[in-house]
file input-v1.pdb (PDB, C-alpha atoms)
ATOM      1  CA  MET A   1     110.057 -77.525 -36.993
ATOM      2  CA  THR A   2     109.395 -80.193 -34.361
ATOM      3  CA  THR A   3     105.802 -81.188 -33.586
ATOM      4  CA  LEU A   4     104.365 -83.381 -30.857
ATOM      5  CA  LYS A   5     100.688 -83.662 -31.768
ATOM      6  CA  PRO A   6      98.046 -83.936 -29.033
ATOM      7  CA  ILE A   7      94.552 -85.405 -29.257
ATOM      8  CA  LEU A   8      92.275 -82.458 -28.525
ATOM      9  CA  ASP A   9      89.107 -84.536 -28.392
ATOM     10  CA  SER A  10      90.262 -86.981 -25.714
ATOM     11  CA  GLY A  11      87.584 -87.304 -23.060
ATOM     12  CA  SER A  12      89.407 -86.069 -19.967
ATOM     13  CA  PHE A  13      91.492 -83.288 -21.525
ATOM     14  CA  VAL A  14      90.138 -79.729 -21.543
ATOM     15  CA  PRO A  15      92.734 -77.251 -22.854
ATOM     16  CA  LEU A  16      93.379 -74.177 -20.734
ATOM     17  CA  CYS A  17      95.475 -72.276 -23.271
ATOM     18  CA  ILE A  18      98.279 -72.360 -25.775
ATOM     19  CA  ALA A  19     101.466 -71.057 -24.131
ATOM     20  CA  VAL A  20     103.971 -69.534 -26.570
ATOM     21  CA  ASP A  21     107.589 -68.602 -25.850
ATOM     22  CA  TRP A  22     108.675 -66.556 -28.887
ATOM     23  CA  GLY A  23     112.295 -65.503 -28.735
ATOM     24  CA  THR A  24     114.828 -64.030 -31.126
ATOM     25  CA  THR A  25     115.791 -67.344 -32.753
ATOM     26  CA  ASN A  26     113.113 -69.888 -31.820
ATOM     27  CA  LEU A  27     109.376 -70.276 -31.313
ATOM     28  CA  ARG A  28     108.015 -72.843 -28.872
ATOM     29  CA  ALA A  29     104.345 -73.586 -28.155
ATOM     30  CA  PHE A  30     102.721 -75.808 -25.534
ATOM     31  CA  LEU A  31      99.094 -76.945 -25.199
ATOM     32  CA  LEU A  32      98.320 -76.740 -21.483
ATOM     33  CA  ASP A  33      95.559 -77.965 -19.202
ATOM     34  CA  GLN A  34      94.413 -76.232 -16.006
ATOM     35  CA  ASN A  35      97.240 -77.820 -14.018
ATOM     36  CA  GLY A  36      99.902 -76.601 -16.399
ATOM     37  CA  THR A  37     100.521 -80.073 -17.826
ATOM     38  CA  SER A  38     101.654 -79.960 -21.438
ATOM     39  CA  HIS A  39      99.644 -82.149 -23.817
ATOM     40  CA  GLY A  40     101.591 -81.158 -26.895
ATOM     41  CA  GLN A  41     104.672 -79.226 -27.936
ATOM     42  CA  LYS A  42     105.625 -77.545 -31.208
ATOM     43  CA  ILE A  43     109.003 -75.972 -31.963
ATOM     44  CA  SER A  44     109.977 -73.774 -34.903
ATOM     45  CA  ASP A  45     113.139 -71.896 -35.896
ATOM     46  CA  ARG A  46     111.018 -68.896 -36.972
ATOM     47  CA  GLY A  47     112.252 -66.590 -34.263
ATOM     48  CA  MET A  48     111.648 -62.843 -34.114
ATOM     49  CA  LEU A  49     114.870 -62.012 -35.988
ATOM     50  CA  THR A  50     113.765 -63.994 -39.061
ATOM     51  CA  LEU A  51     110.348 -62.305 -39.460
ATOM     52  CA  ASN A  52     108.821 -59.099 -40.767
ATOM     53  CA  VAL A  53     105.963 -57.610 -38.767
ATOM     54  CA  ASN A  54     103.322 -59.001 -41.154
ATOM     55  CA  GLU A  55     104.696 -62.556 -40.938
ATOM     56  CA  PHE A  56     104.047 -63.260 -37.262
ATOM     57  CA  GLU A  57     100.367 -64.141 -37.582
ATOM     58  CA  PRO A  58     100.772 -66.481 -40.607
ATOM     59  CA  VAL A  59     103.701 -68.253 -38.952
ATOM     60  CA  LEU A  60     101.701 -68.782 -35.771
ATOM     61  CA  ARG A  61      98.628 -69.968 -37.711
ATOM     62  CA  ASP A  62     100.659 -72.491 -39.711
ATOM     63  CA  LEU A  63     102.359 -73.828 -36.587
ATOM     64  CA  LEU A  64      99.235 -74.110 -34.432
ATOM     65  CA  GLU A  65      96.637 -74.864 -37.108
ATOM     66  CA  ASP A  66      95.309 -78.106 -35.564
ATOM     67  CA  TRP A  67      95.244 -76.591 -32.047
ATOM     68  CA  LEU A  68      93.302 -73.399 -32.769
ATOM     69  CA  HIS A  69      89.897 -73.179 -31.073
ATOM     70  CA  PRO A  70      87.719 -70.204 -30.020
ATOM     71  CA  ASP A  71      87.798 -71.251 -26.363
ATOM     72  CA  VAL A  72      91.555 -71.856 -26.181
ATOM     73  CA  PRO A  73      93.369 -68.485 -25.914
ATOM     74  CA  ILE A  74      97.008 -67.965 -26.828
ATOM     75  CA  TYR A  75      99.408 -66.314 -24.368
ATOM     76  CA  MET A  76     102.772 -65.222 -25.767
ATOM     77  CA  ALA A  77     105.922 -64.144 -23.936
ATOM     78  CA  GLY A  78     109.334 -63.012 -25.139
ATOM     79  CA  MET A  79     110.662 -60.877 -27.973
ATOM     80  CA  VAL A  80     107.347 -61.152 -29.842
ATOM     81  CA  GLY A  81     106.379 -58.043 -27.840
ATOM     82  CA  SER A  82     109.539 -56.079 -28.665
ATOM     83  CA  ARG A  83     109.942 -53.185 -31.108
ATOM     84  CA  GLY A  84     110.848 -55.621 -33.880
ATOM     85  CA  GLY A  85     108.182 -58.144 -32.914
ATOM     86  CA  TRP A  86     104.530 -58.693 -33.784
ATOM     87  CA  GLN A  87     103.418 -55.723 -31.718
ATOM     88  CA  GLU A  88     105.480 -53.578 -29.366
ATOM     89  CA  VAL A  89     104.178 -53.824 -25.808
ATOM     90  CA  PRO A  90     105.471 -51.136 -23.410
ATOM     91  CA  TYR A  91     107.553 -52.232 -20.447
ATOM     92  CA  LEU A  92     105.988 -52.215 -16.981
ATOM     93  CA  ASN A  93     107.972 -50.348 -14.334
ATOM     94  CA  CYS A  94     109.444 -51.934 -11.231
ATOM     95  CA  PRO A  95     108.692 -52.316  -8.374
ATOM     96  CA  ILE A  96     105.962 -54.715  -9.467
ATOM     97  CA  GLN A  97     103.978 -57.615  -8.051
ATOM     98  CA  LEU A  98     104.401 -60.294 -10.709
ATOM     99  CA  ASP A  99     100.787 -61.431 -10.537
ATOM    100  CA  SER A 100      99.808 -57.986 -11.849
ATOM    101  CA  LEU A 101     101.197 -59.024 -15.255
ATOM    102  CA  ALA A 102      97.778 -60.562 -15.879
ATOM    103  CA  ASP A 103      96.160 -57.126 -15.602
ATOM    104  CA  ASN A 104      98.516 -55.676 -18.205
ATOM    105  CA  LEU A 105      98.345 -58.202 -21.028
ATOM    106  CA  ARG A 106      98.205 -56.708 -24.523
ATOM    107  CA  TRP A 107      95.392 -58.290 -26.536
ATOM    108  CA  VAL A 108      96.379 -58.481 -30.198
ATOM    109  CA  GLU A 109      93.988 -57.897 -33.093
ATOM    110  CA  SER A 110      94.263 -60.851 -35.455
ATOM    111  CA  ASN A 111      92.318 -63.083 -37.831
ATOM    112  CA  LEU A 112      92.947 -66.130 -35.675
ATOM    113  CA  PRO A 113      89.796 -67.795 -34.302
ATOM    114  CA  CYS A 114      90.890 -67.300 -30.667
ATOM    115  CA  ASP A 115      92.035 -64.509 -28.353
ATOM    116  CA  VAL A 116      95.774 -63.714 -28.455
ATOM    117  CA  ALA A 117      97.722 -61.878 -25.745
ATOM    118  CA  ILE A 118     101.320 -60.716 -25.324
ATOM    119  CA  VAL A 119     102.912 -60.469 -21.883
ATOM    120  CA  PRO A 120     104.675 -57.125 -21.266
ATOM    121  CA  GLY A 121     108.343 -56.978 -20.289
ATOM    122  CA  LEU A 122     109.778 -55.144 -17.291
ATOM    123  CA  GLN A 123     111.855 -51.997 -16.904
ATOM    124  CA  GLY A 124     113.828 -51.157 -13.785
ATOM    125  CA  ILE A 125     117.079 -49.829 -12.390
ATOM    126  CA  GLY A 126     120.116 -52.087 -12.101
ATOM    127  CA  ILE A 127     122.688 -52.169  -9.310
ATOM    128  CA  SER A 128     124.771 -49.565 -11.196
ATOM    129  CA  GLY A 129     121.918 -47.060 -11.221
ATOM    130  CA  HIS A 130     121.368 -47.436 -14.976
ATOM    131  CA  PHE A 131     118.135 -48.534 -16.644
ATOM    132  CA  ASP A 132     117.598 -52.232 -17.235
ATOM    133  CA  VAL A 133     115.013 -54.169 -19.276
ATOM    134  CA  MET A 134     113.781 -57.722 -19.800
ATOM    135  CA  ARG A 135     111.340 -59.563 -22.052
ATOM    136  CA  GLY A 136     110.344 -63.172 -21.463
ATOM    137  CA  GLU A 137     112.165 -63.501 -18.150
ATOM    138  CA  GLU A 138     109.252 -61.794 -16.337
ATOM    139  CA  THR A 139     107.073 -64.781 -17.281
ATOM    140  CA  GLN A 140     109.725 -67.205 -16.009
ATOM    141  CA  LEU A 141     109.852 -65.233 -12.749
ATOM    142  CA  LEU A 142     106.099 -65.614 -12.401
ATOM    143  CA  GLY A 143     106.658 -69.318 -12.982
ATOM    144  CA  ALA A 144     109.270 -69.270 -10.209
ATOM    145  CA  VAL A 145     106.644 -67.797  -7.862
ATOM    146  CA  ASP A 146     104.368 -70.711  -8.788
ATOM    147  CA  TRP A 147     107.195 -73.229  -8.261
ATOM    148  CA  LEU A 148     108.191 -71.793  -4.875
ATOM    149  CA  LYS A 149     104.600 -72.110  -3.711
ATOM    150  CA  GLU A 150     104.584 -75.766  -4.779
ATOM    151  CA  GLN A 151     107.820 -76.279  -2.804
ATOM    152  CA  ASN A 152     106.090 -74.814   0.296
ATOM    153  CA  GLN A 153     108.339 -71.755   0.060
ATOM    154  CA  PRO A 154     105.832 -69.033  -0.939
ATOM    155  CA  ASP A 155     107.430 -66.435   1.350
ATOM    156  CA  GLN A 156     111.013 -67.369   0.518
ATOM    157  CA  ASN A 157     113.228 -64.447  -0.521
ATOM    158  CA  VAL A 158     115.541 -65.616  -3.291
ATOM    159  CA  LEU A 159     117.985 -64.125  -5.756
ATOM    160  CA  CYS A 160     117.020 -65.464  -9.172
ATOM    161  CA  CYS A 161     119.888 -66.112 -11.562
ATOM    162  CA  MET A 162     118.724 -66.451 -15.173
ATOM    163  CA  PRO A 163     121.787 -67.344 -17.287
ATOM    164  CA  GLY A 164     121.686 -66.928 -21.033
ATOM    165  CA  THR A 165     122.868 -64.511 -23.689
ATOM    166  CA  HIS A 166     122.222 -61.732 -21.187
ATOM    167  CA  CYS A 167     122.129 -63.066 -17.635
ATOM    168  CA  LYS A 168     119.424 -61.580 -15.399
ATOM    169  CA  TRP A 169     119.876 -61.280 -11.636
ATOM    170  CA  VAL A 170     116.551 -60.643  -9.905
ATOM    171  CA  PRO A 171     115.900 -60.420  -6.153
ATOM    172  CA  LEU A 172     112.438 -61.939  -5.660
ATOM    173  CA  SER A 173     110.547 -61.218  -2.443
ATOM    174  CA  GLN A 174     107.097 -62.748  -1.942
ATOM    175  CA  GLY A 175     106.296 -62.497  -5.632
ATOM    176  CA  LYS A 176     107.537 -58.923  -6.002
ATOM    177  CA  VAL A 177     110.403 -57.533  -8.103
ATOM    178  CA  MET A 178     111.896 -54.290  -6.804
ATOM    179  CA  GLN A 179     114.790 -54.096  -9.282
ATOM    180  CA  PHE A 180     117.010 -56.338 -11.401
ATOM    181  CA  SER A 181     120.386 -56.309 -13.129
ATOM    182  CA  THR A 182     121.548 -57.713 -16.452
ATOM    183  CA  SER A 183     125.089 -58.890 -17.169
ATOM    184  CA  PHE A 184     126.607 -59.319 -20.623
ATOM    185  CA  SER A 185     128.242 -62.603 -19.645
ATOM    186  CA  GLY A 186     126.671 -64.983 -22.161
ATOM    187  CA  GLU A 187     127.187 -62.835 -25.235
ATOM    188  CA  LEU A 188     130.673 -61.832 -24.097
ATOM    189  CA  PHE A 189     131.723 -65.468 -23.768
ATOM    190  CA  ALA A 190     130.152 -66.373 -27.121
ATOM    191  CA  ARG A 191     131.969 -63.553 -28.912
ATOM    192  CA  LEU A 192     135.316 -64.329 -27.316
ATOM    193  CA  ASN A 193     134.881 -68.076 -27.800
ATOM    194  CA  ASN A 194     134.024 -67.740 -31.496
ATOM    195  CA  GLU A 195     135.933 -64.707 -32.711
ATOM    196  CA  SER A 196     138.800 -63.721 -30.411
ATOM    197  CA  SER A 197     142.518 -64.387 -30.583
ATOM    198  CA  LEU A 198     142.343 -65.825 -27.063
ATOM    199  CA  VAL A 199     141.273 -69.290 -28.258
ATOM    200  CA  LYS A 200     141.951 -69.086 -32.017
ATOM    201  CA  GLY A 201     142.962 -72.504 -33.340
ATOM    202  CA  LEU A 202     142.278 -74.310 -30.065
ATOM    203  CA  PRO A 203     139.930 -77.315 -29.894
ATOM    204  CA  LYS A 204     136.285 -77.060 -28.851
ATOM    205  CA  ASN A 205     134.963 -79.473 -26.242
ATOM    206  CA  THR A 206     131.517 -81.049 -26.145
ATOM    207  CA  LEU A 207     131.833 -81.841 -22.425
ATOM    208  CA  LEU A 208     132.739 -79.448 -19.624
ATOM    209  CA  ASN A 209     136.334 -79.687 -18.422
ATOM    210  CA  GLN A 210     135.615 -79.062 -14.758
ATOM    211  CA  ASP A 211     139.254 -78.630 -13.757
ATOM    212  CA  ALA A 212     139.727 -75.896 -16.366
ATOM    213  CA  PHE A 213     136.476 -74.203 -15.367
ATOM    214  CA  GLN A 214     137.531 -74.251 -11.706
ATOM    215  CA  LYS A 215     140.874 -72.688 -12.664
ATOM    216  CA  GLY A 216     138.938 -69.893 -14.336
ATOM    217  CA  LEU A 217     136.830 -69.393 -11.194
ATOM    218  CA  VAL A 218     140.000 -69.125  -9.098
ATOM    219  CA  THR A 219     141.487 -66.570 -11.514
ATOM    220  CA  SER A 220     138.320 -64.464 -11.376
ATOM    221  CA  GLN A 221     138.876 -63.967  -7.630
ATOM    222  CA  GLN A 222     142.409 -62.647  -8.039
ATOM    223  CA  THR A 223     143.528 -59.034  -8.416
ATOM    224  CA  GLY A 224     143.815 -57.444 -11.839
ATOM    225  CA  GLY A 225     140.196 -57.337 -13.023
ATOM    226  CA  LEU A 226     138.288 -58.960 -15.863
ATOM    227  CA  LEU A 227     140.269 -57.475 -18.771
ATOM    228  CA  HIS A 228     143.593 -58.634 -17.362
ATOM    229  CA  HIS A 229     142.224 -62.068 -16.484
ATOM    230  CA  LEU A 230     140.862 -62.576 -20.005
ATOM    231  CA  PHE A 231     144.298 -62.227 -21.564
ATOM    232  CA  SER A 232     145.592 -64.968 -19.263
ATOM    233  CA  VAL A 233     143.607 -67.440 -21.404
ATOM    234  CA  ARG A 234     146.099 -66.894 -24.210
ATOM    235  CA  SER A 235     149.220 -66.230 -22.188
ATOM    236  CA  ASP A 236     148.783 -69.245 -19.882
ATOM    237  CA  TYR A 237     148.314 -71.487 -22.933
ATOM    238  CA  VAL A 238     151.338 -70.064 -24.759
ATOM    239  CA  CYS A 239     153.521 -70.463 -21.661
ATOM    240  CA  GLY A 240     152.398 -74.051 -21.016
ATOM    241  CA  GLU A 241     150.298 -73.415 -17.904
ATOM    242  CA  LEU A 242     147.070 -74.306 -19.706
ATOM    243  CA  ALA A 243     146.472 -77.250 -22.053
ATOM    244  CA  ALA A 244     144.891 -76.568 -25.446
ATOM    245  CA  ASP A 245     141.710 -78.440 -24.545
ATOM    246  CA  GLN A 246     141.345 -76.450 -21.301
ATOM    247  CA  ALA A 247     141.390 -72.924 -22.702
ATOM    248  CA  ARG A 248     137.707 -72.493 -23.579
ATOM    249  CA  ASP A 249     136.337 -73.788 -20.286
ATOM    250  CA  TYR A 250     138.954 -71.750 -18.442
ATOM    251  CA  LEU A 251     137.617 -68.713 -20.323
ATOM    252  CA  SER A 252     134.073 -69.664 -19.305
ATOM    253  CA  GLY A 253     135.147 -69.905 -15.675
ATOM    254  CA  ILE A 254     136.658 -66.414 -15.785
ATOM    255  CA  VAL A 255     133.556 -64.809 -17.321
ATOM    256  CA  ILE A 256     131.016 -66.577 -15.102
ATOM    257  CA  GLY A 257     133.262 -66.189 -12.067
ATOM    258  CA  HIS A 258     133.330 -62.405 -12.506
ATOM    259  CA  ASP A 259     129.575 -62.315 -13.126
ATOM    260  CA  VAL A 260     128.831 -64.161  -9.888
ATOM    261  CA  LYS A 261     131.453 -62.344  -7.810
ATOM    262  CA  ASP A 262     130.276 -58.877  -8.839
ATOM    263  CA  ILE A 263     126.585 -59.605  -8.246
ATOM    264  CA  LEU A 264     127.181 -61.224  -4.851
ATOM    265  CA  ALA A 265     129.291 -58.249  -3.792
ATOM    266  CA  ALA A 266     126.239 -56.032  -4.360
ATOM    267  CA  GLN A 267     123.970 -58.126  -2.105
ATOM    268  CA  PRO A 268     123.356 -56.865   1.449
ATOM    269  CA  ASN A 269     123.944 -60.331   2.988
ATOM    270  CA  PRO A 270     125.595 -62.539   0.346
ATOM    271  CA  VAL A 271     126.353 -65.352   2.804
ATOM    272  CA  GLU A 272     122.656 -65.637   3.653
ATOM    273  CA  THR A 273     121.542 -65.424   0.019
ATOM    274  CA  THR A 274     119.689 -68.330  -1.581
ATOM    275  CA  VAL A 275     119.963 -68.342  -5.376
ATOM    276  CA  LEU A 276     117.321 -69.909  -7.614
ATOM    277  CA  ILE A 277     118.933 -70.676 -10.982
ATOM    278  CA  ILE A 278     116.432 -70.598 -13.850
ATOM    279  CA  GLY A 279     118.083 -71.854 -17.011
ATOM    280  CA  SER A 280     119.238 -74.736 -19.181
ATOM    281  CA  ASP A 281     120.995 -77.712 -17.586
ATOM    282  CA  ASN A 282     124.403 -76.832 -19.046
ATOM    283  CA  LEU A 283     124.518 -73.195 -17.978
ATOM    284  CA  SER A 284     122.792 -73.886 -14.669
ATOM    285  CA  HIS A 285     125.502 -76.406 -13.800
ATOM    286  CA  ARG A 286     128.240 -73.852 -14.463
ATOM    287  CA  TYR A 287     126.545 -71.189 -12.365
ATOM    288  CA  ARG A 288     125.963 -73.716  -9.567
ATOM    289  CA  MET A 289     129.693 -74.415  -9.506
ATOM    290  CA  ALA A 290     130.506 -70.699  -9.440
ATOM    291  CA  LEU A 291     128.015 -70.005  -6.648
ATOM    292  CA  SER A 292     129.155 -72.984  -4.577
ATOM    293  CA  PHE A 293     132.669 -71.517  -4.871
ATOM    294  CA  HIS A 294     131.262 -68.716  -2.655
ATOM    295  CA  ASN A 295     129.384 -71.186  -0.396
ATOM    296  CA  VAL A 296     126.034 -69.882  -1.642
ATOM    297  CA  ARG A 297     122.971 -72.154  -1.417
ATOM    298  CA  THR A 298     121.299 -72.856  -4.763
ATOM    299  CA  GLN A 299     118.080 -74.311  -6.145
ATOM    300  CA  SER A 300     117.371 -74.999  -9.810
ATOM    301  CA  LEU A 301     114.357 -74.642 -12.112
ATOM    302  CA  GLU A 302     114.502 -75.482 -15.815
ATOM    303  CA  ALA A 303     113.806 -72.416 -17.966
ATOM    304  CA  SER A 304     111.075 -73.973 -20.128
ATOM    305  CA  GLU A 305     109.258 -75.239 -17.034
ATOM    306  CA  ALA A 306     109.398 -71.738 -15.559
ATOM    307  CA  SER A 307     107.917 -70.263 -18.756
ATOM    308  CA  ILE A 308     105.113 -72.828 -18.858
ATOM    309  CA  ARG A 309     104.308 -72.300 -15.187
ATOM    310  CA  GLY A 310     104.230 -68.531 -15.646
ATOM    311  CA  LEU A 311     101.904 -68.623 -18.650
ATOM    312  CA  LYS A 312      99.685 -71.192 -16.919
ATOM    313  CA  ARG A 313      99.422 -68.919 -13.893
ATOM    314  CA  LEU A 314      98.426 -66.009 -16.145
ATOM    315  CA  ALA A 315      95.888 -68.078 -18.053
ATOM    316  CA  ASN A 316      94.245 -69.367 -14.877
ATOM    317  CA  GLN A 317      93.267 -65.797 -14.026
ATOM    318  CA  TYR A 318      91.063 -65.624 -17.127
ATOM    319  CA  SER A 319      88.333 -67.576 -18.867
ATOM    320  CA  PRO A 320      87.399 -67.207 -22.543
ATOM    321  CA  SER A 321      84.183 -65.383 -21.587
ATOM    322  CA  CYS A 322      86.157 -63.026 -19.326
ATOM    323  CA  ILE A 323      88.572 -62.272 -22.158
ATOM    324  CA  ARG A 324      85.769 -61.485 -24.599
ATOM    325  CA  LYS A 325      84.155 -59.204 -21.997
ATOM    326  CA  ASN A 326      87.435 -57.322 -21.520
ATOM    327  CA  ASN A 327      87.888 -56.975 -25.285
ATOM    328  CA  GLU A 328      84.358 -55.587 -25.693
ATOM    329  CA  GLU A 329      84.972 -53.015 -22.941
ATOM    330  CA  GLU A 330      88.123 -51.830 -24.700
TER     331      GLU A 330
END
call {"tool": "encode", "arguments": {"input": "input-v1.pdb", "output": "structure tokens"}}
result
Amino acid sequence: MTTLKPILDSGSFVPLCIAVDWGTTNLRAFLLDQNGTSHGQKISDRGMLTLNVNEFEPVLRDLLEDWLHPDVPIYMAGMVGSRGGWQEVPYLNCPIQLDSLADNLRWVESNLPCDVAIVPGLQGIGISGHFDVMRGEETQLLGAVDWLKEQNQPDQNVLCCMPGTHCKWVPLSQGKVMQFSTSFSGELFARLNNESSLVKGLPKNTLLNQDAFQKGLVTSQQTGGLLHHLFSVRSDYVCGELAADQARDYLSGIVIGHDVKDILAAQPNPVETTVLIIGSDNLSHRYRMALSFHNVRTQSLEASEASIRGLKRLANQYSPSCIRKNNEEE
């Protein structure tokens, strides 16, 4: 666990809330003021997958013990609201105005001295016509709305790319989500990179080999499809076309290249599309390269900043007295 301890009693600092991003593997908490500035950060490896349902509250209490205060509510986003989380919160259906998330928070009964809420996830239809779901990304999207307003682009229509284990592609129009699509790109690459015969015995790189990644992007545009292209990782290495230290980034280029190509093909005007990438620096850089390959304009927002902005925007719609009033009415 990593802790950056704030001074709660400093004269000018009045906490707005504690913002919690609780995912499958990690738990991150931020102490925010009314402007969304973080005055403290705590990180734990007690993610949803490591906990039983009765462990969530004790874990949160232990982590936030010196921050807890009756007038400082906790807002939680992510897998904490899933079926295996603290409390399952039903998905909200798209289309949806993201600011309406604040009207659908699930207030959790607990023995903590403050109010605790979970942000609901979203359910929609993907570009294939099949159902799609998200948890945690909806809060980052709300943060993107906040960021676009700060950039003087409140009415900007953007395609949000949210790379990760399961990459989300979300058209965002004036703060509204009509539908979204998830691709299996991150988990597919991780499985192939760690377990497949394609790269077995080949070295792992700490830095991106851009030439190899670009080769993968080029391959993803050729005929034959993803399954055929994947095998070229092994065959090109065996036949001397690909160096051993290029294979893994070449594989990454193929997977991300197909992800980007297929999503752009589904857009009504891909050439006019602006993509806002919401993710970590490493993955965002790879997706920027893949999108620039198609001459698509990109902007970038760090994922943790998007989460903090989203939870701050939610919290600013409430006051502690308003929360207590809502709880009494329920």
call {"tool": "resolve_selection", "arguments": {"input": "input-v1.pdb", "expression": "the PyMOL selection byres ((chain A and resi 236) around 12)", "output": "ChimeraX atom specification"}}
result
/A:198-199,212,215-216,219,229-235,237-244,246-247,250-251
call {"tool": "resolve_selection", "arguments": {"input": "input-v1.pdb", "expression": "the PyMOL selection byres ((chain A and resi 77) around 9)", "output": "PyMOL selection string"}}
result
chain A and resi 19-23+75-76+78-81+117-121+135-139+307+311
call {"tool": "resolve_selection", "arguments": {"input": "input-v1.pdb", "expression": "the PyMOL selection byres ((chain A and resi 26) around 9)", "output": "count of residues only"}}
result
13
call {"tool": "closest_residue", "arguments": {"input": "input-v1.pdb", "among": "A:Asn295, A:Gly310, A:Gly279, A:Gln317", "to": "A:Cys161", "atoms": "all atoms listed in the file"}}
result
A:Gly279
call {"tool": "closest_residue", "arguments": {"input": "input-v1.pdb", "among": "A:Gly40, A:Glu88, A:Ala290, A:Asn269", "to": "A:Asp66", "atoms": "all atoms listed in the file"}}
result
A:Gly40
call {"tool": "atom_distance", "arguments": {"input": "input-v1.pdb", "atom1": "atom CA of A:Cys114", "atom2": "atom CA of A:Gln87"}}
result
17.1 Å
call {"tool": "closest_residue", "arguments": {"input": "input-v1.pdb", "among": "A:Asp259, A:Asp33, A:Asp71, A:Glu55", "to": "A:Pro163", "atoms": "only C-alpha atoms"}}
result
A:Asp259
call {"tool": "residues_around", "arguments": {"input": "input-v1.pdb", "residues": "A:Gly175", "least_positions_apart": "4", "cutoff": "8 Å", "atoms": "all atoms listed in the file", "output": "ChimeraX atom specification"}}
result
/A:97-99,142,145
call {"tool": "closest_residue", "arguments": {"input": "input-v1.pdb", "among": "A:Leu227, A:Lys200, A:Ile127, A:Arg286", "to": "A:Pro268", "atoms": "only C-alpha atoms"}}
result
A:Ile127
call {"tool": "axis_aligned_box", "arguments": {"input": "input-v1.pdb", "around": "stretch 200-218 of chain A", "padding_each_side": "3 Å", "output": "JSON"}}
result
{"center_x": 137.2, "center_y": -75.5, "center_z": -21.2, "size_x": 17.4, "size_y": 18.8, "size_z": 30.2}
call {"tool": "atom_distance", "arguments": {"input": "input-v1.pdb", "atom1": "atom CA of A:Asn54", "atom2": "atom CA of A:Trp86"}}
result
7.5 Å
call {"tool": "closest_residue", "arguments": {"input": "input-v1.pdb", "among": "A:Pro95, A:Pro90, A:Pro113, A:Gly36", "to": "A:Ser173", "atoms": "all atoms listed in the file"}}
result
A:Pro95
call {"tool": "closest_residue", "arguments": {"input": "input-v1.pdb", "among": "A:Val218, A:Ala306, A:Cys17, A:Val177", "to": "A:His258", "atoms": "only C-alpha atoms"}}
result
A:Val218
call {"tool": "atom_distance", "arguments": {"input": "input-v1.pdb", "atom1": "atom CA of A:Asn104", "atom2": "atom CA of A:Leu92"}}
result
8.3 Å
call {"tool": "residues_around", "arguments": {"input": "input-v1.pdb", "residues": "A:His294", "least_positions_apart": "6", "cutoff": "9 Å", "atoms": "only C-alpha atoms", "output": "list in words"}}
result
Val260, Lys261, Leu264, Pro270 and Val271 of chain A
call {"tool": "residues_around", "arguments": {"input": "input-v1.pdb", "residues": "A:Leu64", "least_positions_apart": "6", "cutoff": "10 Å", "atoms": "only C-alpha atoms", "output": "NGL selection string"}}
result
:A and (3 or 18 or 29-31 or 41-42 or 58)
